[in-house]
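A.B. asks: I'm passing along start.cif; it holds mmCIF, C-alpha atoms.
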data_coords
loop_
_atom_site.label_atom_id
_atom_site.label_comp_id
_atom_site.auth_asym_id
_atom_site.auth_seq_id
_atom_site.Cartn_x
_atom_site.Cartn_y
_atom_site.Cartn_z
CA MET A 28 -9.13 16.57 1.71
CA THR A 29 -11.02 17.86 4.72
CA GLU A 30 -14.45 16.28 4.29
CA PRO A 31 -15.37 14.28 7.41
CA ASN A 32 -15.09 10.93 5.71
CA GLU A 33 -11.72 11.88 4.30
CA ARG A 34 -10.28 12.57 7.73
CA ALA A 35 -7.86 9.68 7.43
CA ALA A 36 -6.48 11.06 4.17
CA ALA A 37 -5.99 14.47 5.77
CA VAL A 38 -4.16 12.87 8.69
CA ALA A 39 -1.95 10.92 6.28
CA ASP A 40 -1.09 14.14 4.49
CA ARG A 41 -0.16 15.84 7.77
CA TYR A 42 1.83 12.74 8.80
CA TRP A 43 4.17 12.88 5.81
CA THR A 44 4.42 16.67 5.92
CA ALA A 45 5.53 16.50 9.55
CA ILE A 46 8.05 13.72 8.92
CA GLU A 47 9.63 15.42 5.90
CA ALA A 48 9.83 18.68 7.90
CA ARG A 49 11.40 16.85 10.90
CA ASN A 50 8.54 18.46 12.84
CA TRP A 51 8.61 15.93 15.67
CA ASP A 52 6.12 17.78 17.87
CA GLY A 53 3.73 17.95 14.92
CA LEU A 54 4.19 14.24 14.26
CA GLY A 55 3.56 13.44 17.91
CA GLU A 56 0.27 15.35 17.87
CA LEU A 57 -1.06 13.02 15.16
CA LEU A 58 -0.30 9.86 17.15
CA ALA A 59 -2.29 8.05 19.82
CA ASP A 60 -0.43 7.67 23.11
CA ASN A 61 -0.25 3.93 22.57
CA VAL A 62 0.40 4.01 18.82
CA ARG A 63 1.90 0.84 17.37
CA TYR A 64 4.31 0.87 14.42
CA GLU A 65 4.59 -2.52 12.75
CA LEU A 66 6.92 -3.82 10.03
CA PRO A 67 5.52 -7.19 8.91
CA GLN A 68 8.55 -7.97 6.75
CA THR A 69 10.97 -7.96 9.70
CA ARG A 70 8.34 -8.68 12.37
CA GLU A 71 9.43 -5.55 14.23
CA ARG A 72 7.10 -3.50 16.40
CA ILE A 73 7.51 -0.17 18.21
CA ARG A 74 5.02 0.79 20.91
CA GLY A 75 4.07 4.27 22.05
CA ARG A 76 4.30 7.81 20.80
CA ALA A 77 7.66 8.67 22.38
CA ALA A 78 9.43 5.61 21.01
CA TYR A 79 7.99 6.03 17.52
CA VAL A 80 8.93 9.71 17.33
CA GLN A 81 12.43 8.78 18.53
CA PHE A 82 12.67 6.07 15.84
CA ASN A 83 11.95 8.68 13.17
CA ARG A 84 14.22 11.28 14.74
CA GLU A 85 17.11 8.81 14.91
CA TYR A 86 16.57 7.29 11.47
CA PRO A 87 20.00 7.37 9.86
CA GLY A 88 20.99 8.93 6.58
CA ASP A 89 20.07 12.01 4.60
CA TRP A 90 16.51 11.09 3.62
CA HIS A 91 13.66 12.90 1.91
CA VAL A 92 10.19 11.63 1.15
CA THR A 93 7.87 12.32 -1.79
CA VAL A 94 4.25 11.12 -1.70
CA GLN A 95 3.27 9.22 -4.88
CA ARG A 96 -0.24 8.22 -3.82
CA LEU A 97 -2.32 9.11 -0.77
CA THR A 98 -5.84 7.84 -0.27
CA GLY A 99 -8.16 7.22 2.60
CA SER A 100 -11.63 7.35 3.99
CA GLY A 101 -13.17 6.86 7.39
CA ARG A 102 -10.55 5.46 9.72
CA HIS A 103 -8.15 4.11 7.13
CA ALA A 104 -5.56 5.65 4.86
CA ALA A 105 -2.79 4.31 2.65
CA THR A 106 0.20 5.96 1.06
CA TRP A 107 2.87 5.06 -1.47
CA THR A 108 5.98 7.11 -0.92
CA SER A 109 9.39 7.43 -2.57
CA PHE A 110 12.35 7.92 -0.28
CA ALA A 111 15.67 9.30 -1.37
CA VAL A 112 18.15 7.95 1.19
CA ASP A 113 21.75 9.05 0.74
CA GLY A 114 21.09 9.19 -3.00
CA ARG A 115 19.42 5.77 -3.22
CA ALA A 116 15.70 5.42 -4.08
CA GLU A 117 13.47 3.34 -1.82
CA THR A 118 9.73 2.74 -1.85
CA GLY A 119 7.57 2.86 1.27
CA LEU A 120 3.98 1.63 1.53
CA THR A 121 2.12 2.67 4.64
CA PHE A 122 -1.30 1.85 6.05
CA LEU A 123 -2.68 4.08 8.82
CA ASP A 124 -5.56 3.15 11.12
CA LEU A 125 -7.13 5.91 13.23
CA ASP A 126 -8.74 5.62 16.64
CA ASP A 127 -12.02 7.18 17.83
CA ASP A 128 -10.28 10.53 18.35
CA GLY A 129 -8.87 10.62 14.83
CA ARG A 130 -5.34 9.88 16.04
CA ILE A 131 -3.11 7.30 14.43
CA ALA A 132 -3.37 4.08 16.42
CA LEU A 133 -1.60 1.68 14.05
CA ILE A 134 1.00 2.27 11.34
CA THR A 135 1.85 -0.71 9.16
CA ASP A 136 4.85 -0.13 6.94
CA PHE A 137 6.20 -2.15 4.01
CA TRP A 138 9.47 -1.70 2.13
CA PRO A 139 9.33 -3.70 -1.11
CA GLU A 140 12.64 -4.54 -2.77
CA ALA A 141 13.46 -5.29 -6.38
CA TYR A 142 13.36 -8.96 -7.43
CA GLU A 143 13.67 -10.99 -10.60
CA PRO A 144 10.34 -11.79 -12.29
CA PRO A 145 9.30 -15.42 -12.24
CA PRO A 146 9.25 -17.21 -15.60
CA GLY A 147 6.08 -18.05 -17.50
CA ARG A 148 4.51 -14.68 -18.20
CA GLU A 149 6.88 -13.25 -20.79
CA HIS A 150 4.11 -13.50 -23.41
CA LEU A 151 2.07 -10.90 -21.52
CA VAL A 152 4.72 -8.65 -20.04
CA GLU A 153 7.04 -5.87 -21.14
CA ARG A 154 9.98 -4.65 -19.03
CA TRP A 155 10.89 -1.06 -18.36
CA MET B 12 -18.94 2.00 0.47
CA THR B 13 -21.12 3.45 -2.28
CA GLU B 14 -20.94 7.17 -1.57
CA PRO B 15 -19.79 9.02 -4.68
CA ASN B 16 -16.44 9.96 -3.24
CA GLU B 17 -15.87 6.38 -2.14
CA ARG B 18 -16.30 5.05 -5.65
CA ALA B 19 -12.70 3.94 -5.82
CA ALA B 20 -13.08 1.92 -2.63
CA ALA B 21 -16.20 0.23 -4.02
CA VAL B 22 -14.33 -0.60 -7.23
CA ALA B 23 -11.45 -2.04 -5.24
CA ASP B 24 -13.87 -4.22 -3.30
CA ARG B 25 -15.41 -5.52 -6.54
CA TYR B 26 -11.94 -6.05 -8.00
CA TRP B 27 -10.84 -8.46 -5.28
CA THR B 28 -14.24 -10.16 -5.14
CA ALA B 29 -14.06 -10.86 -8.88
CA ILE B 30 -10.47 -12.13 -8.72
CA GLU B 31 -11.10 -14.46 -5.78
CA ALA B 32 -14.23 -15.78 -7.55
CA ARG B 33 -12.29 -16.28 -10.82
CA ASN B 34 -15.06 -14.14 -12.32
CA TRP B 35 -13.02 -13.01 -15.33
CA ASP B 36 -15.92 -11.29 -17.08
CA GLY B 37 -16.66 -9.37 -13.89
CA LEU B 38 -13.01 -8.41 -13.56
CA GLY B 39 -12.92 -7.23 -17.17
CA GLU B 40 -15.92 -4.96 -16.63
CA LEU B 41 -14.00 -3.04 -13.98
CA LEU B 42 -11.03 -2.35 -16.25
CA ALA B 43 -10.43 0.38 -18.80
CA ASP B 44 -9.73 -0.93 -22.31
CA ASN B 45 -6.17 0.33 -22.05
CA VAL B 46 -5.58 -0.57 -18.41
CA ARG B 47 -1.94 -0.82 -17.37
CA TYR B 48 -0.73 -3.25 -14.72
CA GLU B 49 2.68 -2.30 -13.32
CA LEU B 50 5.05 -4.12 -10.97
CA PRO B 51 7.73 -1.60 -9.96
CA GLN B 52 9.85 -4.22 -8.19
CA THR B 53 10.44 -6.23 -11.39
CA ARG B 54 9.79 -3.35 -13.79
CA GLU B 55 7.14 -5.44 -15.54
CA ARG B 56 4.13 -3.95 -17.28
CA ILE B 57 1.04 -5.50 -18.88
CA ARG B 58 -1.08 -3.41 -21.21
CA GLY B 59 -4.76 -3.81 -22.00
CA ARG B 60 -7.79 -5.51 -20.51
CA ALA B 61 -7.46 -8.80 -22.38
CA ALA B 62 -3.82 -9.33 -21.44
CA TYR B 63 -4.39 -8.43 -17.81
CA VAL B 64 -7.39 -10.74 -17.44
CA GLN B 65 -5.32 -13.49 -19.08
CA PHE B 66 -2.46 -12.86 -16.65
CA ASN B 67 -4.82 -13.41 -13.74
CA ARG B 68 -6.51 -16.40 -15.35
CA GLU B 69 -3.15 -18.07 -16.01
CA TYR B 70 -1.59 -17.22 -12.65
CA PRO B 71 -0.17 -20.52 -11.41
CA GLY B 72 -0.86 -22.27 -8.15
CA ASP B 73 -3.82 -22.76 -5.86
CA TRP B 74 -4.23 -19.23 -4.58
CA HIS B 75 -6.80 -17.44 -2.43
CA VAL B 76 -6.89 -13.82 -1.41
CA THR B 77 -8.08 -12.16 1.82
CA VAL B 78 -8.38 -8.38 2.02
CA GLN B 79 -6.67 -6.97 5.15
CA ARG B 80 -7.21 -3.27 4.40
CA LEU B 81 -9.14 -1.49 1.68
CA THR B 82 -9.39 2.26 1.47
CA GLY B 83 -10.03 4.84 -1.18
CA SER B 84 -11.65 8.07 -2.17
CA GLY B 85 -12.16 9.92 -5.40
CA ARG B 86 -10.11 8.23 -8.10
CA HIS B 87 -7.67 6.38 -5.88
CA ALA B 88 -7.84 3.23 -3.80
CA ALA B 89 -5.31 1.07 -2.02
CA THR B 90 -5.50 -2.45 -0.64
CA TRP B 91 -3.38 -4.71 1.52
CA THR B 92 -4.12 -8.33 0.77
CA SER B 93 -2.93 -11.69 2.07
CA PHE B 94 -2.49 -14.45 -0.49
CA ALA B 95 -2.37 -18.11 0.34
CA VAL B 96 -0.47 -19.68 -2.57
CA ASP B 97 -0.03 -23.44 -2.43
CA GLY B 98 0.00 -23.15 1.35
CA ARG B 99 2.51 -20.29 1.50
CA ALA B 100 1.50 -16.81 2.72
CA GLU B 101 2.31 -13.79 0.57
CA THR B 102 1.43 -10.14 0.96
CA GLY B 103 0.15 -7.97 -1.88
CA LEU B 104 -0.13 -4.18 -1.83
CA THR B 105 -2.13 -2.65 -4.63
CA PHE B 106 -2.85 0.91 -5.72
CA LEU B 107 -5.73 1.51 -8.14
CA ASP B 108 -6.24 4.67 -10.19
CA LEU B 109 -9.60 5.18 -11.92
CA ASP B 110 -10.32 7.02 -15.15
CA ASP B 111 -13.15 9.49 -15.86
CA ASP B 112 -15.60 6.62 -16.31
CA GLY B 113 -14.77 5.04 -12.97
CA ARG B 114 -12.87 2.18 -14.60
CA ILE B 115 -9.47 1.04 -13.44
CA ALA B 116 -6.83 2.68 -15.62
CA LEU B 117 -3.69 1.82 -13.64
CA ILE B 118 -2.95 -0.98 -11.19
CA THR B 119 0.37 -0.76 -9.33
CA ASP B 120 1.22 -3.89 -7.42
CA PHE B 121 3.90 -4.55 -4.81
CA TRP B 122 4.96 -7.86 -3.26
CA PRO B 123 7.09 -7.18 -0.19
CA GLU B 124 9.32 -10.01 1.04
CA ALA B 125 10.71 -10.73 4.48
CA TYR B 126 14.15 -9.29 5.26
CA GLU B 127 16.48 -9.01 8.23
CA PRO B 128 16.13 -5.77 10.20
CA PRO B 129 19.07 -3.38 10.01
CA PRO B 130 21.05 -2.89 13.22
CA GLY B 131 20.81 0.22 15.37
CA ARG B 132 17.21 0.29 16.50
CA GLU B 133 17.07 -2.63 18.91
CA HIS B 134 16.53 -0.17 21.79
CA LEU B 135 13.15 0.82 20.33
CA VAL B 136 11.92 -2.39 18.74
CA GLU B 137 10.40 -5.69 19.79
CA ARG B 138 10.18 -8.70 17.45
CA TRP B 139 7.17 -10.90 16.93
#
In structure tokens, how does this file's structure come out?

C.D. replies:
Amino acid sequence: MTEPNERAAAVADRYWTAIEARNWDGLGELLADNVRYELPQTRERIRGRAAYVQFNREYPGDWHVTVQRLTGSGRHAATWTSFAVDGRAETGLTFLDLDDDGRIALITDFWPEAYEPPPGREHLVERW
Amino acid sequence: MTEPNERAAAVADRYWTAIEARNWDGLGELLADNVRYELPQTRERIRGRAAYVQFNREYPGDWHVTVQRLTGSGRHAATWTSFAVDGRAETGLTFLDLDDDGRIALITDFWPEAYEPPPGREHLVERW
């Protein structure tokens, strides 16, 4: 996890550890001053370390995060996380891009929701 | 891209290159015999190389894929892709797990859709 070319994976690991611990100073230390947090599904963007830490600190509900997958190399990492939010399960998919100093410059977050499968592939698919 | 501990990233790169090229033999060579393809949002699963290649071969529409992010190390890789499907834009998020032989044993795919942002964070967020 700490090899030079796995720096992004190590940062991703520290990122989720800090968030789950509500360690807001620790989270802030991982972020570039001008970090951007982007949610392509809602076309929302938050700019800057202070605002992004505040967003996490204010996030409503009793939530806990478990990392399902965490991978990265060089300046890029990706994680698949499971959130328990007030007893509901949600999935988060996060892409982190680091800057020259190894700080997180861009966080792109996706929250996929359940949907009904399209018809036409029943001959190949099982449901669970 | 070809360092030993970046094998998963190299496999992910070949995976998308083969799919975009409709190179079904090339795709099959990357897959374990008993590969599983899982879609957590619909709880669909496809088992085995032949069925998964067929699923891709039969996928309807005029689609093209562009890789936005690709990262990986060891046995795990993740990609964020943009699909143009009959002129519409869709986002795919894919996690690949390799087996001992470096073949893809598990593909977990997510297709996040647009949604309306929840209220309460307008003081931190801009829209684009």

A.B. asks: Superposition of chain B onto chain A by least squares over all sequentially paired C-alpha atoms; the transformed chain is requested as a short mmCIF file (atom, residue, chain, number, x, y, z; two decimals) with C-alpha atoms, in the coordinates of the input.

C.D. replies:
data_model
loop_
_atom_site.label_atom_id
_atom_site.label_comp_id
_atom_site.auth_asym_id
_atom_site.auth_seq_id
_atom_site.Cartn_x
_atom_site.Cartn_y
_atom_site.Cartn_z
CA MET B 12 -9.15 16.62 1.74
CA THR B 13 -11.01 17.85 4.81
CA GLU B 14 -14.43 16.28 4.36
CA PRO B 15 -15.35 14.28 7.45
CA ASN B 16 -15.08 10.94 5.72
CA GLU B 17 -11.70 11.90 4.31
CA ARG B 18 -10.26 12.56 7.74
CA ALA B 19 -7.85 9.68 7.44
CA ALA B 20 -6.49 11.05 4.17
CA ALA B 21 -5.98 14.48 5.77
CA VAL B 22 -4.16 12.85 8.69
CA ALA B 23 -1.95 10.92 6.30
CA ASP B 24 -1.09 14.14 4.48
CA ARG B 25 -0.13 15.82 7.77
CA TYR B 26 1.84 12.74 8.80
CA TRP B 27 4.18 12.88 5.81
CA THR B 28 4.42 16.67 5.92
CA ALA B 29 5.54 16.51 9.55
CA ILE B 30 8.06 13.73 8.91
CA GLU B 31 9.64 15.43 5.90
CA ALA B 32 9.84 18.69 7.90
CA ARG B 33 11.40 16.87 10.89
CA ASN B 34 8.54 18.46 12.84
CA TRP B 35 8.61 15.93 15.68
CA ASP B 36 6.11 17.79 17.86
CA GLY B 37 3.72 17.95 14.91
CA LEU B 38 4.20 14.25 14.26
CA GLY B 39 3.55 13.44 17.91
CA GLU B 40 0.26 15.34 17.87
CA LEU B 41 -1.06 13.02 15.17
CA LEU B 42 -0.30 9.86 17.14
CA ALA B 43 -2.30 8.05 19.80
CA ASP B 44 -0.45 7.67 23.11
CA ASN B 45 -0.27 3.93 22.56
CA VAL B 46 0.39 4.01 18.82
CA ARG B 47 1.90 0.84 17.37
CA TYR B 48 4.30 0.88 14.44
CA GLU B 49 4.59 -2.52 12.75
CA LEU B 50 6.91 -3.81 10.03
CA PRO B 51 5.52 -7.18 8.91
CA GLN B 52 8.54 -7.97 6.74
CA THR B 53 10.96 -7.96 9.70
CA ARG B 54 8.33 -8.66 12.36
CA GLU B 55 9.42 -5.54 14.23
CA ARG B 56 7.09 -3.49 16.39
CA ILE B 57 7.50 -0.17 18.21
CA ARG B 58 5.02 0.79 20.90
CA GLY B 59 4.07 4.26 22.05
CA ARG B 60 4.30 7.82 20.79
CA ALA B 61 7.65 8.67 22.37
CA ALA B 62 9.43 5.61 21.00
CA TYR B 63 7.99 6.04 17.53
CA VAL B 64 8.92 9.72 17.32
CA GLN B 65 12.41 8.78 18.52
CA PHE B 66 12.66 6.09 15.85
CA ASN B 67 11.95 8.68 13.18
CA ARG B 68 14.22 11.29 14.75
CA GLU B 69 17.11 8.81 14.91
CA TYR B 70 16.56 7.29 11.47
CA PRO B 71 20.00 7.37 9.85
CA GLY B 72 20.98 8.93 6.57
CA ASP B 73 20.05 12.00 4.59
CA TRP B 74 16.51 11.09 3.62
CA HIS B 75 13.65 12.90 1.89
CA VAL B 76 10.19 11.63 1.15
CA THR B 77 7.86 12.31 -1.80
CA VAL B 78 4.25 11.12 -1.69
CA GLN B 79 3.28 9.22 -4.88
CA ARG B 80 -0.24 8.21 -3.81
CA LEU B 81 -2.32 9.09 -0.78
CA THR B 82 -5.83 7.83 -0.27
CA GLY B 83 -8.16 7.22 2.61
CA SER B 84 -11.63 7.37 4.00
CA GLY B 85 -13.17 6.87 7.39
CA ARG B 86 -10.54 5.46 9.73
CA HIS B 87 -8.15 4.11 7.13
CA ALA B 88 -5.55 5.65 4.85
CA ALA B 89 -2.80 4.31 2.66
CA THR B 90 0.21 5.96 1.06
CA TRP B 91 2.86 5.06 -1.48
CA THR B 92 5.98 7.10 -0.92
CA SER B 93 9.37 7.42 -2.58
CA PHE B 94 12.35 7.91 -0.28
CA ALA B 95 15.66 9.30 -1.38
CA VAL B 96 18.15 7.96 1.18
CA ASP B 97 21.75 9.04 0.72
CA GLY B 98 21.09 9.17 -3.01
CA ARG B 99 19.41 5.76 -3.22
CA ALA B 100 15.70 5.41 -4.07
CA GLU B 101 13.47 3.33 -1.81
CA THR B 102 9.74 2.73 -1.84
CA GLY B 103 7.57 2.85 1.27
CA LEU B 104 3.98 1.63 1.53
CA THR B 105 2.12 2.66 4.63
CA PHE B 106 -1.30 1.84 6.05
CA LEU B 107 -2.70 4.07 8.80
CA ASP B 108 -5.57 3.15 11.12
CA LEU B 109 -7.13 5.91 13.24
CA ASP B 110 -8.74 5.62 16.65
CA ASP B 111 -12.02 7.19 17.84
CA ASP B 112 -10.28 10.53 18.35
CA GLY B 113 -8.87 10.63 14.83
CA ARG B 114 -5.34 9.89 16.04
CA ILE B 115 -3.12 7.30 14.43
CA ALA B 116 -3.38 4.08 16.42
CA LEU B 117 -1.60 1.68 14.06
CA ILE B 118 0.99 2.28 11.34
CA THR B 119 1.85 -0.72 9.15
CA ASP B 120 4.84 -0.13 6.94
CA PHE B 121 6.19 -2.14 4.01
CA TRP B 122 9.47 -1.70 2.12
CA PRO B 123 9.32 -3.70 -1.10
CA GLU B 124 12.64 -4.55 -2.77
CA ALA B 125 13.46 -5.29 -6.39
CA TYR B 126 13.37 -8.95 -7.43
CA GLU B 127 13.69 -10.99 -10.61
CA PRO B 128 10.37 -11.79 -12.29
CA PRO B 129 9.32 -15.44 -12.25
CA PRO B 130 9.28 -17.21 -15.61
CA GLY B 131 6.10 -18.06 -17.50
CA ARG B 132 4.54 -14.70 -18.22
CA GLU B 133 6.90 -13.25 -20.80
CA HIS B 134 4.12 -13.51 -23.42
CA LEU B 135 2.08 -10.91 -21.53
CA VAL B 136 4.72 -8.64 -20.05
CA GLU B 137 7.05 -5.87 -21.17
CA ARG B 138 9.98 -4.66 -19.04
CA TRP B 139 10.90 -1.08 -18.35
#

A.B. asks: Please, which residues in chain B fall within 9 Å of chain A when counting only C-alpha atoms, and what is the closest atom pair and distance in Å to one decimal for each, ordered by chain then residue number, as JSON lines?

C.D. replies:
{"residue": "B:Glu17", "atom": "CA", "partner": "A:Ser100", "partner_atom": "CA", "distance": 7.5}
{"residue": "B:Ala20", "atom": "CA", "partner": "A:Ser100", "partner_atom": "CA", "distance": 8.7}
{"residue": "B:Pro51", "atom": "CA", "partner": "A:Ala141", "partner_atom": "CA", "distance": 7.7}
{"residue": "B:Gln52", "atom": "CA", "partner": "A:Ala141", "partner_atom": "CA", "distance": 4.2}
{"residue": "B:Thr53", "atom": "CA", "partner": "A:Tyr142", "partner_atom": "CA", "distance": 5.6}
{"residue": "B:Arg54", "atom": "CA", "partner": "A:Trp155", "partner_atom": "CA", "distance": 5.2}
{"residue": "B:Glu55", "atom": "CA", "partner": "A:Arg154", "partner_atom": "CA", "distance": 4.6}
{"residue": "B:Arg56", "atom": "CA", "partner": "A:Glu153", "partner_atom": "CA", "distance": 5.2}
{"residue": "B:Ile57", "atom": "CA", "partner": "A:Val152", "partner_atom": "CA", "distance": 5.0}
{"residue": "B:Arg58", "atom": "CA", "partner": "A:Val152", "partner_atom": "CA", "distance": 7.9}
{"residue": "B:Ala62", "atom": "CA", "partner": "A:Leu151", "partner_atom": "CA", "distance": 6.1}
{"residue": "B:Tyr63", "atom": "CA", "partner": "A:Leu151", "partner_atom": "CA", "distance": 7.8}
{"residue": "B:Gln65", "atom": "CA", "partner": "A:Leu151", "partner_atom": "CA", "distance": 8.2}
{"residue": "B:Phe66", "atom": "CA", "partner": "A:Leu151", "partner_atom": "CA", "distance": 6.9}
{"residue": "B:Glu69", "atom": "CA", "partner": "A:Arg148", "partner_atom": "CA", "distance": 8.7}
{"residue": "B:Tyr70", "atom": "CA", "partner": "A:Arg148", "partner_atom": "CA", "distance": 8.6}
{"residue": "B:Arg80", "atom": "CA", "partner": "A:His103", "partner_atom": "CA", "distance": 7.9}
{"residue": "B:Leu81", "atom": "CA", "partner": "A:His103", "partner_atom": "CA", "distance": 7.9}
{"residue": "B:Thr82", "atom": "CA", "partner": "A:Gly99", "partner_atom": "CA", "distance": 5.2}
{"residue": "B:Gly83", "atom": "CA", "partner": "A:Gly99", "partner_atom": "CA", "distance": 4.8}
{"residue": "B:Ser84", "atom": "CA", "partner": "A:Gly99", "partner_atom": "CA", "distance": 6.0}
{"residue": "B:Gly85", "atom": "CA", "partner": "A:Thr98", "partner_atom": "CA", "distance": 8.4}
{"residue": "B:Arg86", "atom": "CA", "partner": "A:Thr98", "partner_atom": "CA", "distance": 8.9}
{"residue": "B:His87", "atom": "CA", "partner": "A:Thr98", "partner_atom": "CA", "distance": 6.1}
{"residue": "B:Ala88", "atom": "CA", "partner": "A:Thr98", "partner_atom": "CA", "distance": 6.1}
{"residue": "B:Ala89", "atom": "CA", "partner": "A:Ala105", "partner_atom": "CA", "distance": 6.2}
{"residue": "B:Thr90", "atom": "CA", "partner": "A:Ala105", "partner_atom": "CA", "distance": 8.0}
{"residue": "B:Trp91", "atom": "CA", "partner": "A:Phe122", "partner_atom": "CA", "distance": 8.2}
{"residue": "B:Leu104", "atom": "CA", "partner": "A:Leu120", "partner_atom": "CA", "distance": 7.9}
{"residue": "B:Phe106", "atom": "CA", "partner": "A:Arg96", "partner_atom": "CA", "distance": 8.0}
{"residue": "B:Phe121", "atom": "CA", "partner": "A:Pro139", "partner_atom": "CA", "distance": 6.6}
{"residue": "B:Trp122", "atom": "CA", "partner": "A:Pro139", "partner_atom": "CA", "distance": 6.4}
{"residue": "B:Pro123", "atom": "CA", "partner": "A:Pro139", "partner_atom": "CA", "distance": 4.2}
{"residue": "B:Glu124", "atom": "CA", "partner": "A:Gln68", "partner_atom": "CA", "distance": 6.1}
{"residue": "B:Ala125", "atom": "CA", "partner": "A:Gln68", "partner_atom": "CA", "distance": 4.2}
{"residue": "B:Tyr126", "atom": "CA", "partner": "A:Thr69", "partner_atom": "CA", "distance": 5.6}
{"residue": "B:Glu127", "atom": "CA", "partner": "A:Thr69", "partner_atom": "CA", "distance": 5.8}
{"residue": "B:Pro128", "atom": "CA", "partner": "A:Thr69", "partner_atom": "CA", "distance": 5.6}
{"residue": "B:Arg132", "atom": "CA", "partner": "A:Phe82", "partner_atom": "CA", "distance": 7.4}
{"residue": "B:Leu135", "atom": "CA", "partner": "A:Ala78", "partner_atom": "CA", "distance": 6.1}
{"residue": "B:Val136", "atom": "CA", "partner": "A:Ile73", "partner_atom": "CA", "distance": 5.0}
{"residue": "B:Glu137", "atom": "CA", "partner": "A:Arg72", "partner_atom": "CA", "distance": 5.2}
{"residue": "B:Arg138", "atom": "CA", "partner": "A:Glu71", "partner_atom": "CA", "distance": 4.6}
{"residue": "B:Trp139", "atom": "CA", "partner": "A:Arg70", "partner_atom": "CA", "distance": 5.2}

A.B. asks: Those residues with C-alpha atoms, as a PDB file, keeping the file's coordinate frame please?

C.D. replies:
ATOM      1  CA  GLU B  17     -15.870   6.380  -2.140  1.00  0.00           C
ATOM      2  CA  ALA B  20     -13.080   1.920  -2.630  1.00  0.00           C
ATOM      3  CA  PRO B  51       7.730  -1.600  -9.960  1.00  0.00           C
ATOM      4  CA  GLN B  52       9.850  -4.220  -8.190  1.00  0.00           C
ATOM      5  CA  THR B  53      10.440  -6.230 -11.390  1.00  0.00           C
ATOM      6  CA  ARG B  54       9.790  -3.350 -13.790  1.00  0.00           C
ATOM      7  CA  GLU B  55       7.140  -5.440 -15.540  1.00  0.00           C
ATOM      8  CA  ARG B  56       4.130  -3.950 -17.280  1.00  0.00           C
ATOM      9  CA  ILE B  57       1.040  -5.500 -18.880  1.00  0.00           C
ATOM     10  CA  ARG B  58      -1.080  -3.410 -21.210  1.00  0.00           C
ATOM     11  CA  ALA B  62      -3.820  -9.330 -21.440  1.00  0.00           C
ATOM     12  CA  TYR B  63      -4.390  -8.430 -17.810  1.00  0.00           C
ATOM     13  CA  GLN B  65      -5.320 -13.490 -19.080  1.00  0.00           C
ATOM     14  CA  PHE B  66      -2.460 -12.860 -16.650  1.00  0.00           C
ATOM     15  CA  GLU B  69      -3.150 -18.070 -16.010  1.00  0.00           C
ATOM     16  CA  TYR B  70      -1.590 -17.220 -12.650  1.00  0.00           C
ATOM     17  CA  ARG B  80      -7.210  -3.270   4.400  1.00  0.00           C
ATOM     18  CA  LEU B  81      -9.140  -1.490   1.680  1.00  0.00           C
ATOM     19  CA  THR B  82      -9.390   2.260   1.470  1.00  0.00           C
ATOM     20  CA  GLY B  83     -10.030   4.840  -1.180  1.00  0.00           C
ATOM     21  CA  SER B  84     -11.650   8.070  -2.170  1.00  0.00           C
ATOM     22  CA  GLY B  85     -12.160   9.920  -5.400  1.00  0.00           C
ATOM     23  CA  ARG B  86     -10.110   8.230  -8.100  1.00  0.00           C
ATOM     24  CA  HIS B  87      -7.670   6.380  -5.880  1.00  0.00           C
ATOM     25  CA  ALA B  88      -7.840   3.230  -3.800  1.00  0.00           C
ATOM     26  CA  ALA B  89      -5.310   1.070  -2.020  1.00  0.00           C
ATOM     27  CA  THR B  90      -5.500  -2.450  -0.640  1.00  0.00           C
ATOM     28  CA  TRP B  91      -3.380  -4.710   1.520  1.00  0.00           C
ATOM     29  CA  LEU B 104      -0.130  -4.180  -1.830  1.00  0.00           C
ATOM     30  CA  PHE B 106      -2.850   0.910  -5.720  1.00  0.00           C
ATOM     31  CA  PHE B 121       3.900  -4.550  -4.810  1.00  0.00           C
ATOM     32  CA  TRP B 122       4.960  -7.860  -3.260  1.00  0.00           C
ATOM     33  CA  PRO B 123       7.090  -7.180  -0.190  1.00  0.00           C
ATOM     34  CA  GLU B 124       9.320 -10.010   1.040  1.00  0.00           C
ATOM     35  CA  ALA B 125      10.710 -10.730   4.480  1.00  0.00           C
ATOM     36  CA  TYR B 126      14.150  -9.290   5.260  1.00  0.00           C
ATOM     37  CA  GLU B 127      16.480  -9.010   8.230  1.00  0.00           C
ATOM     38  CA  PRO B 128      16.130  -5.770  10.200  1.00  0.00           C
ATOM     39  CA  ARG B 132      17.210   0.290  16.500  1.00  0.00           C
ATOM     40  CA  LEU B 135      13.150   0.820  20.330  1.00  0.00           C
ATOM     41  CA  VAL B 136      11.920  -2.390  18.740  1.00  0.00           C
ATOM     42  CA  GLU B 137      10.400  -5.690  19.790  1.00  0.00           C
ATOM     43  CA  ARG B 138      10.180  -8.700  17.450  1.00  0.00           C
ATOM     44  CA  TRP B 139       7.170 -10.900  16.930  1.00  0.00           C
TER      45      TRP B 139
END

A.B. asks: Where does the PyMOL selection byres ((chain B and resi 75) around 12) land in this file, that is, which residues does it pick, as a VMD selection string?

C.D. replies: chain B and resid 27 to 33 70 to 74 76 to 78 92 to 103

A.B. asks: Mind pulling up the distance from atom CA of Glu56 of chain A to atom CA of Arg130 of chain A?

C.D. replies: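 Separation of atom CA of Arg130 of chain A and atom CA of Glu56 of chain A: 8.0 Å.
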
A.B. asks: Got a sec to check which residues sit within 6 Å of (1.5, 10.9, 19.3), counting only C-alpha atoms, and write them as a PyMOL selection string?

C.D. replies: chain A and resi 55-60+76

A.B. asks: Separation of atom CA of Asp112 of chain B and atom CA of Val38 of chain A, in Å?

C.D. replies: 28.2 Å

A.B. asks: What is the atom CA of Tyr26 of chain B to atom CA of Asp127 of chain A distance in Å?

C.D. replies: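 Taking atom CA of Tyr26 of chain B as the start and atom CA of Asp127 of chain A as the end point, the length is 29.0 Å.
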